[in-house]
file work.cif (mmCIF, C-alpha atoms)
data_my_file
#
loop_
_atom_site.label_atom_id
_atom_site.label_comp_id
_atom_site.auth_asym_id
_atom_site.auth_seq_id
_atom_site.Cartn_x
_atom_site.Cartn_y
_atom_site.Cartn_z
CA MET A 1 -141.18 30.33 -101.46
CA ALA A 2 -141.33 26.66 -102.39
CA MET A 3 -137.58 26.70 -102.82
CA LYS A 4 -137.11 28.20 -99.39
CA GLY A 5 -139.31 25.51 -97.83
CA ARG A 6 -137.19 22.83 -99.42
CA ASP A 7 -133.96 24.36 -98.09
CA GLU A 8 -135.45 24.56 -94.62
CA ALA A 9 -136.60 20.94 -94.85
CA GLU A 10 -133.09 19.90 -95.84
CA ARG A 11 -131.66 21.77 -92.86
CA PHE A 12 -133.99 19.94 -90.46
CA ARG A 13 -133.24 16.61 -92.09
CA VAL A 14 -129.50 17.11 -91.55
CA LEU A 15 -130.13 18.14 -87.93
CA GLY A 16 -132.20 14.99 -87.55
CA ASN A 17 -129.35 12.86 -88.88
CA GLU A 18 -126.92 14.43 -86.42
CA ALA A 19 -129.31 13.82 -83.52
CA TYR A 20 -129.81 10.21 -84.65
CA LYS A 21 -126.07 9.63 -84.78
CA ASP A 22 -125.75 10.93 -81.21
CA GLY A 23 -128.50 8.57 -80.09
CA ARG A 24 -130.92 11.46 -79.33
CA LEU A 25 -133.93 9.69 -80.82
CA GLU A 26 -136.62 12.12 -79.61
CA ASP A 27 -134.75 15.11 -81.07
CA ALA A 28 -134.19 13.25 -84.32
CA ILE A 29 -137.90 12.44 -84.58
CA ASN A 30 -138.79 16.12 -84.01
CA PHE A 31 -136.38 17.33 -86.66
CA TYR A 32 -137.58 14.78 -89.21
CA THR A 33 -141.18 15.71 -88.46
CA ARG A 34 -140.40 19.36 -89.23
CA ALA A 35 -138.61 18.35 -92.42
CA ILE A 36 -141.63 16.28 -93.48
CA THR A 37 -144.05 19.14 -92.75
CA LEU A 38 -142.05 21.39 -95.07
CA ASP A 39 -141.48 18.82 -97.82
CA ALA A 40 -143.47 15.58 -97.75
CA ASP A 41 -142.12 14.48 -101.16
CA ASP A 42 -138.61 13.74 -99.91
CA VAL A 43 -138.35 10.04 -99.09
CA ARG A 44 -135.39 10.42 -96.72
CA PRO A 45 -136.96 12.02 -93.61
CA TRP A 46 -139.75 9.42 -93.83
CA THR A 47 -137.38 6.44 -93.86
CA ASN A 48 -135.13 8.05 -91.28
CA ARG A 49 -138.00 8.70 -88.93
CA ALA A 50 -139.18 5.13 -89.48
CA LEU A 51 -135.70 4.00 -88.43
CA CYS A 52 -136.09 6.00 -85.20
CA TRP A 53 -139.40 4.23 -84.50
CA LEU A 54 -137.67 0.94 -85.19
CA GLN A 55 -135.04 1.77 -82.56
CA LYS A 56 -137.85 2.53 -80.13
CA GLY A 57 -139.71 -0.67 -81.06
CA ASP A 58 -142.80 1.28 -82.18
CA TRP A 59 -143.70 -0.98 -85.09
CA GLU A 60 -147.00 0.65 -86.01
CA GLN A 61 -145.20 3.93 -86.61
CA VAL A 62 -142.48 2.10 -88.56
CA ILE A 63 -145.20 0.77 -90.87
CA ALA A 64 -146.95 4.14 -91.21
CA ASP A 65 -143.77 6.06 -92.04
CA SER A 66 -142.34 3.49 -94.39
CA ARG A 67 -145.64 3.43 -96.33
CA GLN A 68 -145.37 7.22 -96.67
CA ALA A 69 -141.77 6.77 -97.79
CA LEU A 70 -142.91 4.39 -100.52
CA ASN A 71 -145.51 6.95 -101.62
CA ALA A 72 -142.66 9.42 -102.08
CA ASP A 73 -140.41 6.86 -103.81
CA GLU A 74 -141.83 3.48 -104.71
CA GLU A 75 -138.38 2.09 -105.50
CA SER A 76 -136.93 2.87 -102.05
CA VAL A 77 -134.89 -0.08 -100.77
CA LYS A 78 -134.92 1.26 -97.22
CA GLY A 79 -138.68 1.89 -97.38
CA HIS A 80 -139.38 -1.70 -98.41
CA TYR A 81 -136.96 -3.06 -95.87
CA LEU A 82 -138.49 -1.07 -92.99
CA LEU A 83 -142.06 -1.83 -94.04
CA GLY A 84 -141.17 -5.52 -94.25
CA ARG A 85 -139.62 -5.50 -90.78
CA GLY A 86 -142.60 -3.67 -89.33
CA LEU A 87 -145.15 -6.05 -90.88
CA VAL A 88 -143.25 -9.12 -89.69
CA GLU A 89 -143.02 -7.72 -86.16
CA MET A 90 -146.76 -6.98 -86.18
CA GLY A 91 -147.52 -10.55 -87.20
CA ASP A 92 -148.21 -10.07 -90.91
CA ASP A 93 -145.41 -12.40 -91.94
CA GLU A 94 -146.49 -13.15 -95.51
CA GLU A 95 -146.92 -9.52 -96.51
CA GLY A 96 -143.71 -8.61 -94.66
CA LEU A 97 -141.84 -11.34 -96.48
CA ARG A 98 -143.06 -9.98 -99.84
CA LYS A 99 -141.80 -6.48 -98.98
CA LEU A 100 -138.45 -7.86 -97.88
CA VAL A 101 -138.08 -9.90 -101.07
CA LYS A 102 -138.83 -6.73 -103.01
CA ALA A 103 -136.22 -4.85 -100.93
CA LYS A 104 -133.70 -7.57 -101.75
CA THR A 105 -134.41 -7.37 -105.48
CA LEU A 106 -134.18 -3.57 -105.48
CA SER A 107 -130.97 -3.68 -103.47
CA SER A 108 -129.32 -6.25 -105.72
CA CYS A 109 -129.91 -3.97 -108.75
CA LYS A 110 -127.74 -1.32 -107.15
CA LYS A 111 -123.99 -1.39 -107.23
CA GLU A 112 -123.42 -0.71 -103.53
CA ARG A 113 -126.20 -3.17 -102.51
CA PRO A 114 -127.68 -1.02 -99.72
CA TYR A 115 -128.91 -2.84 -96.59
CA GLU A 116 -127.92 -6.20 -98.04
CA MET A 117 -127.05 -7.79 -94.68
CA GLU A 118 -130.01 -6.26 -92.82
CA ILE A 119 -132.43 -7.47 -95.50
CA HIS A 120 -130.83 -10.90 -95.46
CA LYS A 121 -131.33 -11.23 -91.70
CA ALA A 122 -134.85 -9.82 -91.79
CA LEU A 123 -135.77 -12.36 -94.48
CA TYR A 124 -134.60 -15.25 -92.34
CA ARG A 125 -136.46 -13.85 -89.36
CA ALA A 126 -139.66 -13.66 -91.38
CA LYS A 127 -139.18 -17.21 -92.65
CA LYS A 128 -138.58 -18.39 -89.12
CA HIS A 129 -141.80 -16.76 -87.89
CA ILE A 130 -143.76 -18.37 -90.70
CA TRP A 131 -142.16 -21.76 -90.14
CA LEU A 132 -142.87 -21.74 -86.41
CA ARG A 133 -146.48 -20.82 -86.95
CA GLU A 134 -147.00 -23.45 -89.63
CA ASP A 135 -145.30 -26.04 -87.48
CA LYS A 136 -147.72 -25.36 -84.67
CA GLU A 137 -150.62 -25.84 -87.08
CA ARG A 138 -149.08 -29.06 -88.38
CA GLU A 139 -148.73 -30.37 -84.85
CA LYS A 140 -152.35 -29.59 -84.06
CA ASN A 141 -153.66 -31.01 -87.35
CA THR A 142 -151.70 -34.22 -87.01
CA ALA A 143 -152.91 -34.84 -83.48
CA GLU A 144 -156.52 -34.14 -84.45
CA ALA A 145 -156.43 -36.29 -87.56
CA ARG A 146 -154.82 -39.16 -85.71
CA GLN A 147 -157.44 -39.14 -83.02
CA SER A 148 -160.42 -38.92 -85.33
CA ILE A 149 -159.18 -41.56 -87.80
CA PHE A 150 -158.61 -44.05 -84.98
CA ALA A 151 -162.05 -43.29 -83.59
CA MET A 152 -163.59 -43.89 -87.00
CA ILE A 153 -161.82 -47.21 -87.45
CA SER A 154 -163.05 -48.37 -84.05
CA ARG A 155 -166.56 -47.21 -84.87
CA LEU A 156 -166.60 -49.15 -88.14
CA GLU A 157 -165.32 -52.18 -86.31
CA GLU A 158 -168.04 -51.91 -83.66
CA LEU A 159 -170.68 -51.70 -86.36
CA SER A 160 -169.11 -54.78 -88.00
CA GLN A 161 -168.57 -52.81 -91.19
CA VAL A 162 -164.95 -53.95 -91.20
CA SER A 163 -163.44 -57.12 -89.80
CA LYS A 164 -161.12 -57.07 -86.81
CA GLU A 165 -158.22 -58.04 -89.13
CA GLU A 166 -158.87 -55.17 -91.45
CA ALA A 167 -159.30 -52.69 -88.58
CA ASP A 168 -155.97 -53.83 -87.07
CA HIS A 169 -154.31 -53.59 -90.46
CA ARG A 170 -155.56 -50.03 -90.98
CA ARG A 171 -154.51 -49.02 -87.48
CA LYS A 172 -151.02 -50.29 -88.18
CA GLN A 173 -150.89 -48.37 -91.45
CA MET A 174 -152.04 -45.17 -89.79
CA ASP A 175 -149.57 -45.61 -86.96
CA SER A 176 -146.64 -45.90 -89.29
CA LEU A 177 -147.87 -42.96 -91.38
CA PHE A 178 -148.33 -40.65 -88.38
CA ASN A 179 -145.01 -41.70 -86.89
CA TRP A 180 -143.36 -40.77 -90.16
CA VAL A 181 -145.04 -37.36 -90.04
CA GLU A 182 -143.81 -36.85 -86.44
CA GLU A 183 -140.31 -37.84 -87.52
CA LYS A 184 -140.44 -35.25 -90.30
CA ARG A 185 -141.48 -32.56 -87.85
CA LYS A 186 -138.43 -33.08 -85.66
CA ARG A 187 -135.76 -30.42 -85.89
CA ALA A 188 -132.48 -31.51 -87.33
CA ASP A 189 -129.30 -30.94 -85.31
CA ILE A 190 -127.34 -27.96 -86.49
CA PRO A 191 -124.20 -29.46 -88.02
CA ASP A 192 -121.18 -28.12 -86.13
CA TYR A 193 -119.23 -27.63 -89.36
CA LEU A 194 -121.55 -24.68 -90.02
CA HIS A 195 -120.52 -23.04 -86.75
CA CYS A 196 -117.46 -20.90 -86.15
CA ARG A 197 -115.23 -22.37 -83.44
CA ILE A 198 -114.85 -18.97 -81.84
CA THR A 199 -118.42 -17.66 -81.88
CA MET A 200 -120.18 -21.06 -81.92
CA ASP A 201 -122.63 -19.49 -84.32
CA PHE A 202 -123.38 -19.41 -88.05
CA MET A 203 -120.89 -17.37 -90.05
CA GLU A 204 -121.65 -14.31 -92.12
CA ASP A 205 -118.22 -14.17 -93.69
CA PRO A 206 -116.59 -17.60 -93.29
CA VAL A 207 -112.88 -17.81 -94.04
CA VAL A 208 -110.65 -20.87 -94.04
CA THR A 209 -107.09 -20.92 -92.65
CA LYS A 210 -104.33 -22.85 -94.37
CA GLN A 211 -104.90 -25.53 -91.73
CA GLY A 212 -108.35 -25.99 -93.25
CA ILE A 213 -110.37 -24.71 -90.29
CA THR A 214 -113.21 -22.28 -90.93
CA TYR A 215 -113.94 -19.22 -88.77
CA GLU A 216 -115.93 -16.01 -88.85
CA ARG A 217 -113.50 -13.54 -90.44
CA GLU A 218 -114.05 -10.68 -88.00
CA GLN A 219 -113.47 -12.83 -84.93
CA LEU A 220 -110.47 -14.64 -86.36
CA LEU A 221 -108.81 -11.29 -87.15
CA ALA A 222 -109.60 -10.17 -83.60
CA HIS A 223 -107.95 -13.37 -82.35
CA PHE A 224 -104.77 -12.65 -84.39
CA ARG A 225 -104.61 -9.19 -82.85
CA GLN A 226 -105.25 -10.45 -79.34
CA ASN A 227 -103.33 -13.71 -79.21
CA GLY A 228 -100.97 -13.81 -82.19
CA ASP A 229 -100.80 -15.40 -85.60
CA TYR A 230 -101.90 -18.98 -85.08
CA ASP A 231 -104.91 -21.09 -85.91
CA PRO A 232 -106.99 -21.22 -82.70
CA TYR A 233 -107.87 -24.86 -83.21
CA THR A 234 -104.67 -26.45 -84.54
CA ARG A 235 -102.37 -23.84 -82.97
CA GLU A 236 -100.23 -23.87 -86.12
CA ARG A 237 -98.92 -20.61 -87.48
CA THR A 238 -101.18 -18.74 -89.87
CA ASN A 239 -102.13 -15.12 -90.40
CA ALA A 240 -104.57 -12.77 -92.08
CA LYS A 241 -102.78 -13.08 -95.43
CA ASP A 242 -103.40 -16.82 -95.59
CA LEU A 243 -107.16 -16.54 -95.27
CA VAL A 244 -109.44 -17.54 -98.12
CA PRO A 245 -113.23 -17.08 -98.14
CA ASN A 246 -115.07 -20.34 -97.62
CA LEU A 247 -117.88 -19.98 -100.12
CA ALA A 248 -118.94 -23.60 -99.77
CA VAL A 249 -119.72 -23.12 -96.07
CA LYS A 250 -121.56 -19.93 -96.86
CA ARG A 251 -123.70 -21.76 -99.41
CA ALA A 252 -124.22 -24.71 -97.07
CA THR A 253 -125.34 -22.33 -94.29
CA GLU A 254 -127.87 -20.65 -96.58
CA HIS A 255 -129.10 -24.03 -97.73
CA PHE A 256 -129.45 -25.28 -94.16
CA LEU A 257 -131.30 -22.15 -93.05
CA ASP A 258 -133.62 -22.31 -96.06
CA ASN A 259 -134.62 -25.84 -95.06
CA ASN A 260 -134.57 -25.17 -91.30
CA PRO A 261 -135.74 -21.59 -90.79
CA TRP A 262 -136.24 -22.24 -87.05
CA ALA A 263 -132.46 -22.44 -86.63
CA PHE A 264 -131.98 -18.79 -87.49
CA ASP A 265 -131.19 -16.83 -84.37
CA CYS A 266 -130.55 -13.13 -84.58
CA MET B 1 -122.95 -8.65 -76.61
CA LYS B 2 -121.08 -10.24 -79.44
CA PHE B 3 -120.35 -13.53 -77.73
CA GLN B 4 -123.66 -13.94 -75.95
CA LYS B 5 -124.56 -16.87 -78.16
CA ARG B 6 -121.37 -18.69 -77.34
CA ILE B 7 -121.76 -18.17 -73.60
CA GLU B 8 -125.33 -19.46 -73.81
CA LYS B 9 -124.26 -22.54 -75.74
CA GLU B 10 -121.52 -23.35 -73.27
CA PHE B 11 -123.98 -22.85 -70.45
CA GLU B 12 -126.53 -25.19 -72.03
CA ALA B 13 -123.89 -27.83 -72.71
CA LEU B 14 -122.77 -27.81 -69.08
CA ARG B 15 -126.27 -27.70 -67.68
CA GLY B 16 -127.26 -30.60 -69.92
CA GLY B 17 -124.72 -32.62 -67.98
CA THR B 18 -123.11 -34.04 -71.10
CA VAL B 19 -119.57 -33.68 -69.79
CA PRO B 20 -118.71 -36.48 -67.35
CA HIS B 21 -117.50 -35.36 -63.89
CA VAL B 22 -118.25 -31.72 -64.69
CA LYS B 23 -121.36 -29.78 -63.75
CA LEU B 24 -122.54 -26.26 -63.08
CA ASP B 25 -122.94 -25.38 -59.45
CA ASN B 26 -126.52 -24.67 -58.40
CA ASP B 27 -126.06 -20.97 -57.76
CA THR B 28 -124.83 -20.53 -61.34
CA THR B 29 -127.87 -21.99 -63.04
CA SER B 30 -129.99 -18.84 -62.99
CA HIS B 31 -128.34 -16.78 -65.68
CA ALA B 32 -126.06 -17.52 -68.59
CA GLN B 33 -125.16 -13.83 -68.72
CA GLN B 34 -123.57 -14.02 -65.31
CA ARG B 35 -119.92 -13.20 -65.60
CA ILE B 36 -118.95 -15.60 -62.84
CA TRP B 37 -119.73 -19.29 -62.92
CA THR B 38 -119.00 -21.93 -60.33
CA VAL B 39 -118.34 -25.35 -61.82
CA THR B 40 -117.93 -28.50 -59.76
CA ILE B 41 -115.59 -31.23 -60.89
CA GLU B 42 -115.35 -34.69 -59.44
CA GLY B 43 -112.12 -36.69 -59.26
CA ALA B 44 -112.20 -39.59 -61.73
CA GLU B 45 -112.40 -43.25 -60.70
CA SER B 46 -109.14 -45.07 -59.89
CA THR B 47 -107.22 -41.85 -59.39
CA LEU B 48 -105.89 -40.22 -56.22
CA TYR B 49 -108.89 -37.86 -56.25
CA GLU B 50 -111.64 -40.43 -56.73
CA GLY B 51 -114.89 -39.28 -55.14
CA GLU B 52 -113.52 -35.84 -54.15
CA VAL B 53 -115.51 -32.84 -55.36
CA PHE B 54 -113.90 -29.48 -56.09
CA LYS B 55 -115.26 -26.09 -57.03
CA LEU B 56 -113.80 -24.03 -59.86
CA ARG B 57 -114.64 -20.39 -60.33
CA PHE B 58 -114.73 -19.03 -63.88
CA ARG B 59 -114.71 -15.30 -64.42
CA PHE B 60 -115.29 -14.19 -68.01
CA PRO B 61 -113.64 -11.01 -69.24
CA ASP B 62 -115.40 -8.78 -71.79
CA LYS B 63 -113.26 -10.17 -74.54
CA TYR B 64 -113.93 -13.84 -73.79
CA PRO B 65 -113.32 -16.09 -75.70
CA LEU B 66 -110.64 -14.01 -77.42
CA GLU B 67 -109.16 -13.63 -73.95
CA SER B 68 -108.94 -16.49 -71.45
CA PRO B 69 -111.35 -16.78 -68.54
CA GLU B 70 -109.88 -16.41 -65.05
CA VAL B 71 -110.06 -19.88 -63.53
CA MET B 72 -109.22 -20.88 -59.98
CA PHE B 73 -110.28 -23.31 -57.29
CA VAL B 74 -112.43 -21.95 -54.49
CA GLU B 75 -113.09 -23.35 -51.02
CA LYS B 76 -110.81 -26.40 -50.67
CA PRO B 77 -108.46 -26.73 -53.64
CA PRO B 78 -107.11 -30.22 -54.39
CA VAL B 79 -103.68 -31.06 -53.02
CA HIS B 80 -101.63 -31.23 -56.21
CA PRO B 81 -98.11 -30.18 -57.23
CA HIS B 82 -99.51 -27.62 -59.73
CA ILE B 83 -102.31 -26.24 -57.62
CA TYR B 84 -101.54 -23.63 -54.98
CA THR B 85 -103.38 -23.53 -51.67
CA ASN B 86 -104.95 -20.17 -52.64
CA GLY B 87 -106.67 -21.88 -55.58
CA HIS B 88 -104.38 -20.73 -58.36
CA ILE B 89 -103.66 -23.33 -61.04
CA CYS B 90 -100.42 -23.63 -62.95
CA LEU B 91 -101.75 -24.74 -66.35
CA SER B 92 -100.54 -23.08 -69.54
CA ILE B 93 -103.87 -23.12 -71.42
CA LEU B 94 -105.31 -20.79 -68.78
CA TYR B 95 -102.72 -18.19 -69.54
CA GLU B 96 -100.42 -17.68 -72.51
CA ALA B 97 -101.43 -20.92 -74.26
CA TRP B 98 -105.12 -20.01 -74.22
CA SER B 99 -106.92 -20.32 -77.52
CA PRO B 100 -110.43 -19.06 -78.34
CA ALA B 101 -111.23 -22.53 -79.68
CA LEU B 102 -111.08 -23.80 -76.07
CA THR B 103 -114.23 -23.89 -73.96
CA VAL B 104 -115.23 -24.13 -70.31
CA SER B 105 -115.67 -27.89 -70.67
CA ALA B 106 -112.31 -28.25 -72.45
CA VAL B 107 -110.66 -26.37 -69.56
CA CYS B 108 -112.39 -28.56 -66.98
CA LEU B 109 -111.32 -31.70 -68.81
CA SER B 110 -107.72 -30.48 -68.89
CA ILE B 111 -107.81 -29.81 -65.16
CA LEU B 112 -109.37 -33.24 -64.54
CA SER B 113 -106.68 -34.93 -66.60
CA MET B 114 -104.05 -32.98 -64.68
CA LEU B 115 -105.55 -34.41 -61.48
CA SER B 116 -105.85 -37.90 -62.91
CA SER B 117 -102.21 -38.17 -63.93
CA CYS B 118 -100.97 -37.12 -60.50
CA THR B 119 -99.04 -39.81 -58.62
CA LYS B 120 -98.45 -38.08 -55.31
CA LYS B 121 -100.62 -35.59 -53.46
CA GLU B 122 -98.37 -32.74 -52.48
CA HIS B 123 -98.35 -28.95 -52.63
CA PRO B 124 -96.17 -27.12 -55.17
CA PRO B 125 -92.62 -26.77 -53.81
CA ASP B 126 -92.88 -22.94 -53.86
CA ASN B 127 -96.40 -22.86 -52.42
CA ASP B 128 -95.77 -20.78 -49.29
CA LYS B 129 -93.75 -18.15 -51.07
CA TYR B 130 -96.18 -17.91 -54.00
CA VAL B 131 -99.30 -17.70 -51.86
CA LEU B 132 -97.74 -14.97 -49.78
CA GLN B 133 -96.98 -12.83 -52.85
CA SER B 134 -100.16 -13.39 -54.79
CA SER B 135 -102.85 -14.10 -52.24
CA THR B 136 -105.35 -11.52 -53.40
CA GLN B 137 -104.31 -11.20 -57.04
CA SER B 138 -105.89 -12.73 -60.09
CA PRO B 139 -103.99 -15.81 -61.21
CA LYS B 140 -103.85 -14.16 -64.62
CA SER B 141 -101.51 -11.50 -63.32
CA THR B 142 -98.88 -14.06 -62.33
CA SER B 143 -96.09 -14.65 -64.83
CA TRP B 144 -96.15 -18.39 -64.80
CA MET B 145 -93.23 -20.71 -65.44
CA PHE B 146 -94.63 -23.94 -66.74
CA HIS B 147 -92.29 -26.54 -65.35
CA ASP B 148 -93.63 -29.95 -66.15
CA ASP B 149 -96.64 -30.52 -68.34
CA ARG B 150 -96.77 -34.22 -67.70
CA VAL B 151 -97.91 -34.02 -64.11
#

call {"tool": "encode", "arguments": {"input": "work.cif", "output": "structure tokens"}}
result
Amino acid sequence: MAMKGRDEAERFRVLGNEAYKDGRLEDAINFYTRAITLDADDVRPWTNRALCWLQKGDWEQVIADSRQALNADEESVKGHYLLGRGLVEMGDDEEGLRKLVKAKTLSSCKKERPYEMEIHKALYRAKKHIWLREDKEREKNTAEARQSIFAMISRLEELSQVSKEEADHRRKQMDSLFNWVEEKRKRADIPDYLHCRITMDFMEDPVVTKQGITYEREQLLAHFRQNGDYDPYTRERTNAKDLVPNLAVKRATEHFLDNNPWAFDC
Amino acid sequence: MKFQKRIEKEFEALRGGTVPHVKLDNDTTSHAQQRIWTVTIEGAESTLYEGEVFKLRFRFPDKYPLESPEVMFVEKPPVHPHIYTNGHICLSILYEAWSPALTVSAVCLSILSMLSSCTKKEHPPDNDKYVLQSSTQSPKSTSWMFHDDRV
């Protein structure tokens, strides 16, 4: 009987996958639900149903299902990834970030590195959320501190606890300190050498032509097919065989995004 | 859309007014996703077109920037030996010499420099014949012969 239930569950899971592939989300959700009812210990219908909720933007359900998935298999890469995404979307950035880091670690232990790119993007998104929130706090704190310190200096001066010279000196010091803080808060320009000249965006797979220009691989190959074998920028002849990965730009992009999480846009 | 980011960046750059003599027409400012932009260009100082303002219409195909935008003058095109009275422009980078590394502002600057180097305002010699054949077609469907790149 138990065996039969498991076979049935498997049948519904496969039907769910087919529905998902066709974009019939509601059907897929129904099939996965039936699979789960018959066999709650299989991690796959849980993560797959969570993926359906993700497509629908129902983040609470994403969280609920991916938690169930992790109950069934605590090492599930997809479960951690989906839970992380859900938490970040619902505003729990720190916890989401932890789940995503865990997903990344689990993924990197596997040979085929499942969800590597998705996890990578979700991590940057989480870091961006956190950075933006902290930056808002920094802005508020700086403004408050500035105001109250200046008020205190003036108060001390009025009460003749400090001389006018000293008060002026302290005001100058505080001004230069707060200006430095404001300067630090400013967002750096995104260096254009980190952008592909076709997409005008950061590159996931930067390649360099023999002319020394770096492009996103996918778009450069599309350009060769569309327009012919030449470097779009220099117009000199080059083709797919000449391309070499530009690992330095890839590293530089990661470094830039680590220091400037606000710049991530995806 | 894959190239949404690029279109947005180009839009911002033009709206920011960082390119001299080139700006987005008012009715284009609402949406970067619009497939048709109207860009105004102003003839440069000390050239035959000084102070004149022209309107260019850009139409972006799905594959832009892998494929060139369709670019033509609308309303009153400048009188120029490479610009037909129906707005079509004989400029190789708009057709077979297009490259995805080019941008809307690069195209506008090329057109401006084509105007600036002109020494005599006249219509292309084959204007009447060409306009008759191609009046309602896209300039991209013309097989252009690029006579003289210096003008």

call {"tool": "interface_residues", "arguments": {"input": "work.cif", "of": "chain B", "to": "chain A", "cutoff": "10 Å", "atoms": "all atoms listed in the file", "output": "number ranges by chain"}}
result
B: 2-10, 63-68, 96-103

call {"tool": "residues_around", "arguments": {"input": "work.cif", "residues": "A:Leu123", "least_positions_apart": "2", "cutoff": "8 Å", "atoms": "only C-alpha atoms", "output": "ChimeraX atom specification"}}
result
/A:97,100-101,119-121,125-127

call {"tool": "resolve_selection", "arguments": {"input": "work.cif", "expression": "the PyMOL selection byres ((chain B and resi 108) around 10)", "output": "ChimeraX atom specification"}}
result
/B:19,21-23,39-41,56,71,103-107,109-114

call {"tool": "atom_distance", "arguments": {"input": "work.cif", "atom1": "atom CA of A:Val62", "atom2": "atom CA of A:Glu118"}}
result
15.6 Å

call {"tool": "residues_near_point", "arguments": {"input": "work.cif", "point": "(-139.0, 2.8, -107.1)", "cutoff": "9 Å", "atoms": "all atoms listed in the file", "output": "list in words"}}
result
Leu70, Asp73, Glu74, Glu75, Ser76, Val77 and Leu106 of chain A

call {"tool": "residues_around", "arguments": {"input": "work.cif", "residues": "A:Asn30", "least_positions_apart": "6", "cutoff": "9 Å", "atoms": "only C-alpha atoms", "output": "number ranges by chain"}}
result
A: 12, 16, 49

call {"tool": "closest_residue", "arguments": {"input": "work.cif", "among": "A:Arg187, A:Leu15, A:Asp42, A:Gly84", "to": "A:Trp262", "atoms": "all atoms listed in the file"}}
result
A:Arg187

call {"tool": "atom_distance", "arguments": {"input": "work.cif", "atom1": "atom CA of B:Phe73", "atom2": "atom CA of B:Gly87"}}
result
4.2 Å

call {"tool": "residues_near_point", "arguments": {"input": "work.cif", "point": "(-132.5, -21.6, -96.7)", "cutoff": "12 Å", "atoms": "all atoms listed in the file", "output": "ChimeraX atom specification"}}
result
/A:120-121,123-128,131,250-264

call {"tool": "atom_distance", "arguments": {"input": "work.cif", "atom1": "atom CA of A:Tyr193", "atom2": "atom CA of A:Glu216"}}
result
12.1 Å

call {"tool": "closest_atom_pairs", "arguments": {"input": "work.cif", "of": "stretch 78-125 of chain A", "to": "stretch 56-61 of chain A", "cutoff": "9 Å", "atoms": "only C-alpha atoms", "output": "Markdown table"}}
result
| residue | atom | partner | partner_atom | distance |
| --- | --- | --- | --- | --- |
| A:Arg85 | CA | A:Trp59 | CA | 8.3 |
| A:Gly86 | CA | A:Trp59 | CA | 5.1 |
| A:Leu87 | CA | A:Trp59 | CA | 7.8 |
| A:Glu89 | CA | A:Trp59 | CA | 6.9 |
| A:Met90 | CA | A:Trp59 | CA | 6.8 |

call {"tool": "resolve_selection", "arguments": {"input": "work.cif", "expression": "the PyMOL selection byres ((chain B and resi 74) around 8)", "output": "MDAnalysis selection string"}}
result
chainID B and resid 54:57 72:73 75:77 86:87

call {"tool": "resolve_selection", "arguments": {"input": "work.cif", "expression": "the PyMOL selection byres ((chain A and resi 148-151) around 12)", "output": "PyMOL selection string"}}
result
chain A and resi 141-147+152-158+167-175+177-178

call {"tool": "closest_residue", "arguments": {"input": "work.cif", "among": "A:Glu236, A:Asp93, A:Asp189, A:Glu218", "to": "A:Pro206", "atoms": "all atoms listed in the file"}}
result
A:Glu218

call {"tool": "residues_around", "arguments": {"input": "work.cif", "residues": "A:Leu38", "least_positions_apart": "5", "cutoff": "7 Å", "atoms": "only C-alpha atoms", "output": "number ranges by chain"}}
result
A: 5-6, 9

call {"tool": "residues_around", "arguments": {"input": "work.cif", "residues": "A:Val43", "least_positions_apart": "5", "cutoff": "10 Å", "atoms": "all atoms listed in the file", "output": "list of chain:residue names"}}
result
A:Ile36, A:Asn48, A:Asp65, A:Ser66, A:Gln68, A:Ala69, A:Leu70, A:Asn71, A:Ala72, A:Asp73, A:Glu74, A:Ser76, A:Lys78, A:Gly79

call {"tool": "axis_aligned_box", "arguments": {"input": "work.cif", "around": "stretch 155-173 of chain A", "padding_each_side": "6 Å", "output": "lines of an AutoDock Vina configuration file"}}
result
center_x = -160.8
center_y = -52.6
center_z = -87.6
size_x = 31.8
size_y = 22.8
size_z = 19.8
